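Undergrad: Got a structure for you, upload.tsv, holding TSV, C-alpha atoms and all ligand atoms.
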chain	number	residue	atom	x	y	z
A	1	MET	CA	99.68	63.81	85.69
A	2	ALA	CA	100.86	66.94	87.40
A	3	ALA	CA	99.20	70.25	86.71
A	4	ARG	CA	100.84	73.32	85.25
A	5	ILE	CA	100.12	76.14	87.66
A	6	ILE	CA	99.50	79.42	85.84
A	7	THR	CA	98.91	82.77	87.55
A	8	ILE	CA	96.97	85.47	85.70
A	9	THR	CA	97.97	88.91	86.89
A	10	SER	CA	98.27	92.55	85.78
A	11	GLY	CA	99.21	95.17	88.32
A	12	LYS	CA	96.30	97.40	87.37
A	13	GLY	CA	92.70	96.50	88.23
A	14	GLY	CA	89.88	96.16	85.75
A	15	VAL	CA	91.97	95.11	82.75
A	16	GLY	CA	90.40	91.65	82.41
A	17	LYS	CA	92.26	89.21	84.69
A	18	THR	CA	89.10	87.56	85.99
A	19	THR	CA	87.53	87.50	82.53
A	20	ALA	CA	90.69	85.89	81.14
A	21	THR	CA	90.94	83.33	83.95
A	22	ALA	CA	87.32	82.23	83.53
A	23	ASN	CA	87.53	82.01	79.75
A	24	ILE	CA	90.86	80.23	79.63
A	25	GLY	CA	89.60	77.82	82.30
A	26	VAL	CA	86.44	77.02	80.33
A	27	GLY	CA	88.42	76.92	77.08
A	28	LEU	CA	90.85	74.36	78.49
A	29	ALA	CA	88.00	72.35	80.03
A	30	GLU	CA	86.25	72.31	76.63
A	31	MET	CA	89.42	70.75	75.24
A	32	GLY	CA	89.03	67.97	77.79
A	33	LYS	CA	91.62	69.23	80.28
A	34	LYS	CA	91.08	68.92	83.99
A	35	VAL	CA	91.18	72.46	85.37
A	36	THR	CA	90.87	74.16	88.75
A	37	CYS	CA	90.48	77.93	88.83
A	38	ILE	CA	91.41	79.56	92.11
A	39	ASP	CA	90.14	83.05	92.95
A	40	SER	CA	92.86	84.60	95.08
A	41	ASP	CA	91.24	88.04	95.22
A	42	ILE	CA	90.26	87.79	98.88
A	43	GLY	CA	87.59	90.30	99.85
A	44	LEU	CA	86.75	91.10	96.22
A	45	ARG	CA	85.75	87.74	94.83
A	46	ASN	CA	84.39	87.74	91.29
A	47	LEU	CA	85.49	84.62	89.49
A	48	ASP	CA	82.41	82.84	90.91
A	49	VAL	CA	79.98	85.24	89.22
A	50	VAL	CA	81.89	85.38	85.94
A	51	LEU	CA	81.79	81.57	85.82
A	52	GLY	CA	78.13	81.54	86.96
A	53	LEU	CA	78.87	79.39	90.00
A	54	GLU	CA	78.06	81.87	92.78
A	55	ASN	CA	75.02	79.97	94.07
A	56	ARG	CA	76.98	76.82	94.74
A	57	ILE	CA	79.57	78.17	97.19
A	58	VAL	CA	79.72	76.47	100.57
A	59	TYR	CA	83.41	76.68	101.50
A	60	ASP	CA	86.13	78.98	100.24
A	61	LEU	CA	89.89	79.30	99.94
A	62	VAL	CA	90.38	80.54	103.51
A	63	ASP	CA	88.21	77.70	104.88
A	64	VAL	CA	90.58	75.21	103.26
A	65	ILE	CA	93.70	76.99	104.49
A	66	GLU	CA	92.37	77.30	108.03
A	67	GLY	CA	91.37	73.63	108.04
A	68	HIS	CA	87.59	74.16	108.26
A	69	CYS	CA	87.10	71.80	105.33
A	70	ARG	CA	88.98	69.49	103.00
A	71	VAL	CA	90.21	70.97	99.75
A	72	ASN	CA	87.79	68.92	97.63
A	73	GLN	CA	84.86	70.26	99.66
A	74	ALA	CA	85.75	73.78	98.50
A	75	MET	CA	86.13	72.74	94.85
A	76	ILE	CA	82.89	73.59	93.06
A	77	ARG	CA	82.40	71.38	90.05
A	78	ASP	CA	81.01	73.18	87.01
A	79	LYS	CA	77.79	71.53	85.81
A	80	ARG	CA	78.61	72.28	82.16
A	81	PHE	CA	82.05	70.69	82.34
A	82	GLU	CA	82.62	67.95	84.84
A	83	ASN	CA	86.39	68.53	84.58
A	84	LEU	CA	86.25	72.22	85.60
A	85	PHE	CA	86.44	73.31	89.25
A	86	LEU	CA	86.45	76.61	91.12
A	87	ILE	CA	87.92	77.34	94.52
A	88	PRO	CA	86.26	80.66	95.42
A	89	ALA	CA	87.95	83.44	97.38
A	90	ALA	CA	86.71	84.33	100.86
A	91	GLN	CA	84.56	87.43	100.64
A	92	THR	CA	84.58	88.60	104.24
A	93	ARG	CA	88.24	88.15	105.14
A	94	GLU	CA	91.42	90.17	104.98
A	95	LYS	CA	93.99	89.68	102.25
A	96	ASN	CA	96.59	88.72	104.83
A	97	SER	CA	94.56	85.74	106.09
A	98	VAL	CA	96.55	83.70	103.55
A	99	THR	CA	100.33	83.40	103.16
A	100	PRO	CA	102.36	82.52	100.06
A	101	ALA	CA	103.47	79.23	101.67
A	102	GLU	CA	99.84	78.27	102.34
A	103	MET	CA	98.97	78.98	98.71
A	104	VAL	CA	101.82	76.75	97.59
A	105	ASN	CA	100.64	73.92	99.87
A	106	LEU	CA	97.05	74.23	98.67
A	107	CYS	CA	98.07	74.05	95.01
A	108	GLU	CA	100.48	71.19	95.58
A	109	SER	CA	97.72	69.22	97.33
A	110	ILE	CA	95.61	69.11	94.14
A	111	ARG	CA	98.40	69.26	91.57
A	112	GLU	CA	98.48	65.53	90.87
A	113	GLU	CA	94.74	65.38	90.04
A	114	MET	CA	94.73	68.30	87.59
A	115	ASP	CA	96.09	69.28	84.17
A	116	PHE	CA	95.93	72.99	84.92
A	117	ILE	CA	95.56	75.17	87.99
A	118	LEU	CA	94.73	78.78	87.07
A	119	ILE	CA	95.14	81.45	89.75
A	120	ASP	CA	93.23	84.71	89.32
A	121	SER	CA	95.38	87.37	91.00
A	122	PRO	CA	94.11	90.51	92.69
A	123	ALA	CA	95.28	93.89	91.39
A	124	GLY	CA	98.32	95.47	93.00
A	125	ILE	CA	101.89	94.47	93.73
A	126	GLU	CA	101.59	93.71	97.43
A	127	GLY	CA	100.59	90.68	99.50
A	128	GLY	CA	97.72	89.57	97.30
A	129	PHE	CA	99.97	89.40	94.26
A	130	LYS	CA	102.67	87.59	96.24
A	131	ASN	CA	100.14	84.96	97.34
A	132	ALA	CA	98.98	84.51	93.77
A	133	ILE	CA	102.43	84.21	92.22
A	134	ALA	CA	104.03	81.97	94.87
A	135	PRO	CA	102.66	78.63	93.57
A	136	ALA	CA	103.04	79.53	89.87
A	137	ASP	CA	105.06	77.64	87.29
A	138	GLU	CA	104.14	80.25	84.69
A	139	ALA	CA	102.60	83.71	84.61
A	140	ILE	CA	100.25	85.44	82.21
A	141	VAL	CA	100.10	89.24	82.31
A	142	VAL	CA	96.89	90.88	81.12
A	143	THR	CA	96.94	94.48	79.98
A	144	ASN	CA	94.99	96.98	77.92
A	145	PRO	CA	96.42	99.25	75.24
A	146	ASP	CA	96.52	102.33	77.45
A	147	VAL	CA	99.46	104.07	79.12
A	148	SER	CA	98.61	103.27	82.74
A	149	ALA	CA	97.79	99.61	82.12
A	150	VAL	CA	101.01	99.10	80.13
A	151	ARG	CA	103.09	100.88	82.72
A	152	ASP	CA	101.65	98.72	85.52
A	153	ALA	CA	102.15	95.61	83.40
A	154	ASP	CA	105.83	96.51	83.10
A	155	ARG	CA	106.11	96.73	86.89
A	156	ILE	CA	104.46	93.36	87.38
A	157	ILE	CA	106.62	91.75	84.68
A	158	GLY	CA	109.68	92.95	86.60
A	159	LEU	CA	108.31	91.45	89.82
A	160	ILE	CA	107.51	88.16	88.08
A	161	GLU	CA	111.09	87.99	86.85
A	162	ALA	CA	112.42	88.87	90.29
A	163	ALA	CA	110.32	86.00	91.72
A	164	GLU	CA	111.91	83.72	89.08
A	165	LYS	CA	108.51	82.89	87.57
A	166	GLY	CA	109.28	84.38	84.17
A	167	PRO	CA	109.26	84.82	81.31
A	168	ALA	CA	105.65	85.93	81.53
A	169	ARG	CA	103.42	85.90	78.47
A	170	LEU	CA	101.07	88.74	77.53
A	171	ILE	CA	97.37	88.96	76.79
A	172	LEU	CA	96.53	92.31	75.25
A	173	ASN	CA	92.86	92.74	76.05
A	174	ARG	CA	90.20	95.17	74.79
A	175	ILE	CA	91.78	96.26	71.55
A	176	ASN	CA	89.64	98.27	69.18
A	177	PRO	CA	90.69	97.75	65.53
A	178	GLU	CA	88.96	100.94	64.42
A	179	MET	CA	90.93	103.06	66.87
A	180	ILE	CA	94.17	101.33	65.90
A	181	LYS	CA	93.41	102.08	62.27
A	182	ARG	CA	92.91	105.76	63.11
A	183	GLY	CA	96.21	105.82	64.97
A	184	ASP	CA	94.50	106.42	68.29
A	185	MET	CA	95.32	103.12	69.98
A	186	MET	CA	98.64	101.34	70.38
A	187	GLU	CA	98.69	98.06	68.51
A	188	ALA	CA	100.05	94.75	69.80
A	189	GLY	CA	103.45	95.32	68.19
A	190	ASP	CA	103.89	98.61	70.05
A	191	VAL	CA	102.99	97.12	73.41
A	192	LEU	CA	105.20	94.06	72.87
A	193	GLU	CA	108.13	96.27	71.93
A	194	LEU	CA	107.68	98.36	75.09
A	195	LEU	CA	107.25	95.41	77.45
A	196	ALA	CA	109.67	93.07	75.65
A	197	ILE	CA	107.72	89.89	76.40
A	198	LYS	CA	106.06	87.18	74.36
A	199	LEU	CA	102.49	87.49	73.14
A	200	LEU	CA	99.97	84.88	74.17
A	201	GLY	CA	96.95	86.52	72.58
A	202	VAL	CA	95.09	89.63	71.55
A	203	VAL	CA	91.46	89.99	72.60
A	204	PRO	CA	89.22	92.59	70.98
A	205	ASP	CA	86.93	94.82	72.97
A	206	ASP	CA	83.64	93.01	72.52
A	207	GLU	CA	80.22	93.68	74.01
A	208	HIS	CA	79.61	89.94	74.15
A	209	VAL	CA	81.99	89.87	77.13
A	210	LEU	CA	79.57	91.94	79.22
A	211	ILE	CA	76.52	90.09	77.92
A	212	SER	CA	77.99	86.71	78.76
A	213	THR	CA	79.20	87.92	82.16
A	214	ASN	CA	75.64	89.13	82.84
A	215	LYS	CA	74.48	85.55	82.29
A	216	GLY	CA	77.37	83.82	84.01
A	217	GLN	CA	78.30	82.06	80.78
A	218	PRO	CA	81.89	82.84	79.79
A	219	VAL	CA	82.18	84.34	76.30
A	220	VAL	CA	84.45	81.52	75.15
A	221	LEU	CA	81.27	79.41	74.89
A	222	ASN	CA	79.84	81.85	72.33
A	223	GLN	CA	80.92	80.61	68.91
A	224	LYS	CA	79.95	83.90	67.26
A	225	SER	CA	81.90	86.24	69.51
A	226	ARG	CA	85.32	87.45	68.40
A	227	ALA	CA	86.50	87.72	72.00
A	228	GLY	CA	85.32	84.14	72.49
A	229	GLN	CA	87.39	83.03	69.50
A	230	ALA	CA	90.38	84.92	70.86
A	231	PHE	CA	90.11	83.09	74.19
A	232	ARG	CA	89.74	79.73	72.41
A	233	ASN	CA	92.95	80.53	70.54
A	234	ILE	CA	94.68	81.46	73.78
A	235	ALA	CA	93.60	78.21	75.46
A	236	ALA	CA	94.88	76.27	72.46
A	237	ARG	CA	98.23	78.10	72.56
A	238	ILE	CA	98.57	77.29	76.26
A	239	THR	CA	98.30	73.60	75.41
A	240	GLY	CA	101.09	74.08	72.87
A	241	SER	CA	99.10	74.34	69.64
A	242	GLU	CA	100.43	76.80	67.12
A	243	VAL	CA	97.54	79.11	66.37
A	244	PRO	CA	98.61	81.96	64.08
A	245	PHE	CA	98.68	85.48	65.48
A	246	LEU	CA	97.35	88.61	63.96
A	247	ASP	CA	100.03	90.25	61.90
A	248	MET	CA	99.62	93.83	62.99
A	249	SER	CA	102.81	95.28	61.62
A	250	GLN	CA	100.78	97.49	59.31
A	251	LYS	CA	97.81	99.48	60.44
A	252	ASP	CA	96.19	99.74	57.02
A	253	ASP	CA	94.54	96.44	56.33
A	254	PHE	CA	94.28	95.49	59.96
A	255	MET	CA	90.58	94.72	59.62
A	256	THR	CA	91.20	92.24	56.83
A	257	ARG	CA	93.76	90.39	58.89
A	258	LEU	CA	91.64	90.59	61.99
A	259	SER	CA	88.67	89.04	60.27
A	260	LYS	CA	90.97	86.34	58.92
A	261	VAL	CA	92.30	85.42	62.31
A	262	PHE	CA	89.02	85.67	64.12
A	263	GLY	CA	87.26	83.87	61.27
A	264	LYS	CA	86.68	80.16	61.01
A	265	GLU	CA	90.32	79.18	60.65
A	266	GLY	CA	90.96	81.10	63.91
B	1	MET	CA	94.17	108.81	57.20
B	2	ALA	CA	96.87	108.81	59.81
B	3	ASP	CA	99.33	109.93	57.15
B	4	TRP	CA	97.64	113.12	55.99
B	5	LEU	CA	97.10	114.10	59.61
B	6	LYS	CA	100.83	113.75	60.10
B	7	ILE	CA	101.48	115.98	57.10
B	8	LEU	CA	99.23	118.57	58.74
B	9	GLY	CA	101.41	118.25	61.82
B	10	LYS	CA	98.93	116.27	63.90
B	11	GLU	CA	100.60	113.22	65.41
B	12	ASP	CA	98.69	110.01	66.09
B	13	SER	CA	97.88	109.78	69.78
B	14	ALA	CA	99.03	106.14	69.74
B	15	ASP	CA	102.53	107.28	68.75
B	16	THR	CA	102.50	109.87	71.50
B	17	ALA	CA	101.47	107.22	74.01
B	18	LYS	CA	104.29	104.93	72.89
B	19	GLU	CA	106.95	107.64	73.06
B	20	ARG	CA	105.81	108.74	76.50
B	21	LEU	CA	105.75	105.16	77.76
B	22	LYS	CA	109.28	104.53	76.47
B	23	LEU	CA	110.63	107.24	78.77
B	24	VAL	CA	108.39	106.35	81.71
B	25	LEU	CA	109.43	102.69	81.57
B	26	ILE	CA	113.15	103.50	81.49
B	27	HIS	CA	112.67	105.57	84.60
B	28	ASP	CA	110.47	102.96	86.32
B	29	ARG	CA	112.94	100.16	85.59
B	30	THR	CA	116.11	101.96	86.59
B	31	ASN	CA	115.24	104.95	88.74
B	32	LEU	CA	117.28	107.07	86.37
B	33	ASN	CA	115.89	110.29	84.98
B	34	ALA	CA	117.34	113.05	82.83
B	35	ARG	CA	118.61	114.98	85.85
B	36	VAL	CA	120.46	111.99	87.31
B	37	LEU	CA	121.93	111.20	83.89
B	38	ASP	CA	123.26	114.78	83.63
B	39	GLU	CA	124.77	114.59	87.09
B	40	MET	CA	126.45	111.31	86.24
B	41	LYS	CA	127.80	112.80	83.04
B	42	ASP	CA	129.42	115.70	84.91
B	43	GLU	CA	130.96	113.35	87.46
B	44	LEU	CA	132.28	111.02	84.77
B	45	ILE	CA	133.86	113.93	82.90
B	46	GLU	CA	135.57	114.98	86.10
B	47	VAL	CA	136.96	111.52	86.89
B	48	ILE	CA	138.11	110.71	83.38
B	49	SER	CA	139.66	114.14	82.81
B	50	ARG	CA	141.97	113.43	85.72
B	51	HIS	CA	143.60	110.68	83.66
B	52	VAL	CA	143.19	111.64	80.05
B	53	ALA	CA	142.24	114.73	78.06
B	54	ILE	CA	138.70	114.41	76.68
B	55	ASP	CA	136.34	116.53	74.64
B	56	ALA	CA	133.92	117.29	77.46
B	57	ALA	CA	131.41	119.04	75.21
B	58	GLU	CA	130.98	115.89	73.11
B	59	VAL	CA	130.49	113.41	75.92
B	60	GLN	CA	127.24	111.50	75.54
B	61	ILE	CA	125.51	109.22	77.95
B	62	THR	CA	122.49	107.34	76.69
B	63	MET	CA	120.22	104.54	77.79
B	64	LYS	CA	119.71	101.57	75.51
B	65	HIS	CA	117.49	98.64	76.08
B	66	GLU	CA	117.84	95.12	74.81
B	67	GLY	CA	114.72	93.20	75.66
B	68	ARG	CA	114.03	94.02	79.28
B	69	GLU	CA	117.66	94.81	80.04
B	70	GLN	CA	118.76	98.40	80.30
B	71	ARG	CA	122.26	99.43	79.30
B	72	LEU	CA	124.02	102.74	79.87
B	73	ILE	CA	126.17	103.73	76.93
B	74	CYS	CA	128.86	106.38	77.40
B	75	ASP	CA	130.56	107.88	74.40
B	76	ILE	CA	133.65	109.83	75.49
B	77	PRO	CA	135.87	111.29	72.75
B	78	VAL	CA	139.53	111.27	73.81
B	79	LEU	CA	141.61	114.21	72.55
B	80	PRO	CA	144.81	113.44	70.59
B	81	LYS	CA	147.96	114.10	72.55
C	1	LIG	N1	87.57	92.01	75.83
C	1	LIG	C1	86.66	92.70	76.54
C	1	LIG	N2	85.67	93.38	75.90
C	1	LIG	C2	84.76	94.08	76.62
C	1	LIG	N3	84.71	94.15	77.95
C	1	LIG	C3	85.66	93.50	78.65
C	1	LIG	C4	86.68	92.73	77.99
C	1	LIG	N4	87.49	92.19	78.94
C	1	LIG	C5	87.00	92.59	80.13
C	1	LIG	N5	85.91	93.37	79.97
C	1	LIG	C6	85.12	94.00	81.05
C	1	LIG	O1	85.99	94.77	81.85
C	1	LIG	C7	85.59	94.74	83.21
C	1	LIG	C8	86.78	94.31	84.09
C	1	LIG	O2	87.13	92.99	83.80
C	1	LIG	P1	87.68	91.98	84.92
C	1	LIG	O3	87.96	90.70	84.25
C	1	LIG	O4	86.78	91.97	86.11
C	1	LIG	O5	89.05	92.72	85.30
C	1	LIG	P2	90.07	92.43	86.50
C	1	LIG	O6	89.83	91.05	87.00
C	1	LIG	O7	91.42	92.62	85.88
C	1	LIG	O8	89.79	93.48	87.54
C	1	LIG	C9	84.42	93.80	83.29
C	1	LIG	O9	83.24	94.54	83.29
C	1	LIG	C10	84.53	92.98	82.00
C	1	LIG	O10	83.27	92.54	81.56
C	2	MG	MG	89.44	90.41	89.03
What would the structure in this file look like if it were written as structure tokens?
TA:
Amino acid sequence: MAARIITITSGKGGVGKTTATANIGVGLAEMGKKVTCIDSDIGLRNLDVVLGLENRIVYDLVDVIEGHCRVNQAMIRDKRFENLFLIPAAQTREKNSVTPAEMVNLCESIREEMDFILIDSPAGIEGGFKNAIAPADEAIVVTNPDVSAVRDADRIIGLIEAAEKGPARLILNRINPEMIKRGDMMEAGDVLELLAIKLLGVVPDDEHVLISTNKGQPVVLNQKSRAGQAFRNIAARITGSEVPFLDMSQKDDFMTRLSKVFGKEG
Amino acid sequence: MADWLKILGKEDSADTAKERLKLVLIHDRTNLNARVLDEMKDELIEVISRHVAIDAAEVQITMKHEGREQRLICDIPVLPK
């Protein structure tokens, strides 16, 4: 077994990278996959709290890279899923305390033991992004249906291609079907046409995301949440399952189709 | 709903966003803007006119994109001799 290394990135901050990383990680672990999530947002670590593992941190990413501990000492095993691990970011260090080559070495050192390594990228297009993308086999770009998020996504897609890590796949996060219906929010088709990349999933704006983050229990574990269903679909697509997409070519009966896709058949 | 607003001349803000982004992305990807395109057009007219008579007023230079690739298309009508 050799893991697929997937970097989750966006350009813009606050669009849902960490939320996506945590939920895809848990979703894959629920499917029985062995997963390590790496928080590469040094100085602004968050994946630990979204996963609810913040109280268990002893060593972090920089400790491993600087040789203060072995890599498995920094891998926090999730109590809910014994096949899910987190390597937390260092909170009190500079972004440049890690190099792309060190990130590659770290990932390669655990690659054989894992099915998936997910890297949560910091915002921006500088060093932090370069560290996050260096080990990647594949990239997932997260964006929101707003002009700045889409513009930044386009920049990052260009950089992913330049780094020969493409083609990236897109998660369009925080869509609001009501606003799309009114014509006040771009729909997935619009964003895909602009960015010219493949869709991995569409995640609705859903208050369950905040509620579950409050509790440190990723929303993918909530069977009733539509965002949770969307992340389960995304995890399934990553493993190669063909889960149907929303057909959003027409705005009119969007709600009908949405409820179909986010319903039981998912 | 969106349709009767359009009839009243009020465009959906989503359409506006998409149109604005189209232009912004072309610029971001290529560093070309309308001013540079105009300059290029004038220079092209000059170079080509040295070799063949063209209808300068009808020269068009446009940007097309196929997937993530940008393509400059020049349409230069040549005058009959
Ligand atoms: N689908 C969603 N619905 C509602 N809130 C969301 C959704 N996705 C993300 N959020 C919220 O948006 C904020 C930013 O998300 P986060 O994952 O931290 O972004 P990033 O890692 O890109 O900076 C968080 O408060 C998160 O709870
Ligand atoms: Mg984050």
Undergrad: Residues within 10 Å of ligand LIG 1 (chain C) (all atoms listed in the file), as an MDAnalysis selection string?
TA: chainID A and resid 8:23 39 41 44:47 50 120:123 141:144 172:176 202:214 218:219 226:228 230:231
Undergrad: Out of B:Arg35, B:His51, B:Lys18, B:Lys64, which residue has the shortest atom-to-atom distance to chain A when counting only C-alpha atoms?
TA: B:Lys18
Undergrad: Using all atoms listed in the file, can you tell me which of A:Met1, A:Ala149, A:Leu221, A:Ala139 comes closest to chain B?
TA: A:Ala149
Undergrad: Write out as an mmCIF file with C-alpha atoms, in the coordinates of the input the residues lying within 10 Å of Ile42 in chain A, counting all atoms listed in the file and excluding same-chain residues fewer than 3 positions away.
TA:
data_model
loop_
_atom_site.group_PDB
_atom_site.id
_atom_site.type_symbol
_atom_site.label_atom_id
_atom_site.label_comp_id
_atom_site.auth_asym_id
_atom_site.auth_seq_id
_atom_site.Cartn_x
_atom_site.Cartn_y
_atom_site.Cartn_z
ATOM 1 C CA ASP A 39 90.140 83.050 92.950
ATOM 2 C CA ARG A 45 85.750 87.740 94.830
ATOM 3 C CA ASN A 46 84.390 87.740 91.290
ATOM 4 C CA ASP A 60 86.130 78.980 100.240
ATOM 5 C CA LEU A 61 89.890 79.300 99.940
ATOM 6 C CA VAL A 62 90.380 80.540 103.510
ATOM 7 C CA PRO A 88 86.260 80.660 95.420
ATOM 8 C CA ALA A 89 87.950 83.440 97.380
ATOM 9 C CA ALA A 90 86.710 84.330 100.860
ATOM 10 C CA GLN A 91 84.560 87.430 100.640
ATOM 11 C CA THR A 92 84.580 88.600 104.240
ATOM 12 C CA ARG A 93 88.240 88.150 105.140
ATOM 13 C CA GLU A 94 91.420 90.170 104.980
ATOM 14 C CA LYS A 95 93.990 89.680 102.250
ATOM 15 C CA ASN A 96 96.590 88.720 104.830
ATOM 16 C CA SER A 97 94.560 85.740 106.090
ATOM 17 C CA VAL A 98 96.550 83.700 103.550
ATOM 18 C CA SER A 121 95.380 87.370 91.000
ATOM 19 C CA PRO A 122 94.110 90.510 92.690
ATOM 20 C CA GLY A 128 97.720 89.570 97.300
#
Undergrad: At a cut-off of 8 Å, list the chain B residues touching chain A, using all atoms listed in the file, as a list of chain:residue names.
TA: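 Contact residues on the first chain: B:Met1, B:Ala2, B:Asp12, B:Ser13, B:Ala14, B:Asp15, B:Ala17, B:Lys18, B:Leu21, B:Lys22, B:Val24, B:Leu25, B:Asp28, B:Arg29, B:Gly67, B:Arg68.
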Undergrad: To one decimal place, how far is CA of Ser241 in chain A from CA of Leu200 in chain A in Å?
TA: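 If I compute the distance from CA of Ser241 in chain A to CA of Leu200 in chain A, I get 11.5 Å.
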Undergrad: Quick one, how far is CA of Arg232 in chain A from CA of Ile117 in chain A?
TA: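 Distance between the two atoms: 17.2 Å.
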Undergrad: Grab the CA of Ile6 in chain A to CA of Glu69 in chain B distance for me, in Å with one decimal place.
TA: 24.5 Å
Undergrad: Ile73 in chain B: which residues within 8 Å, counting only C-alpha atoms, same-chain residues fewer than 6 positions away excluded, as a ChimeraX atom specification?
TA: /B:60-64
Undergrad: Given all atoms listed in the file as the basis, pick out the residue of A:Ile171, A:Glu126, A:Ile38, A:Ile110 nearest to ligand MG 2 (chain C).
TA: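 Going through A:Ile171, A:Glu126, A:Ile38, A:Ile110 one by one, the smallest distance to ligand MG 2 (chain C) is for A:Ile38.
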Undergrad: Of the residues B:Lys41, B:Val59, B:Ile54, B:Glu66, which is the one nearest to Pro80 in chain B, using all atoms listed in the file?
TA: B:Ile54
Undergrad: For Asn105 in chain A, list every protein, DNA or RNA residue within 12 Å, evaluated using only C-alpha atoms, and leave out those in the same chain fewer than 6 positions away; present the list as JSON, numbers by chain.
TA: {"A": [64, 65, 71, 98, 99, 111, 131, 134, 135, 136]}
Undergrad: Please tell me which residues are no farther than 12 Å from (126.2, 112.4, 87.0) in the file, counting all atoms listed in the file, and write them as a PyMOL selection string.
TA: chain B and resi 32-47+59-61+74
Undergrad: Kindly indicate which residue among A:Leu28, A:Ala2, A:Ala101, A:Phe129 lies nearest to ligand MG 2 (chain C), using only C-alpha atoms and all ligand atoms for the distances.
TA: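 Result for the nearest residue to ligand MG 2 (chain C): A:Phe129.
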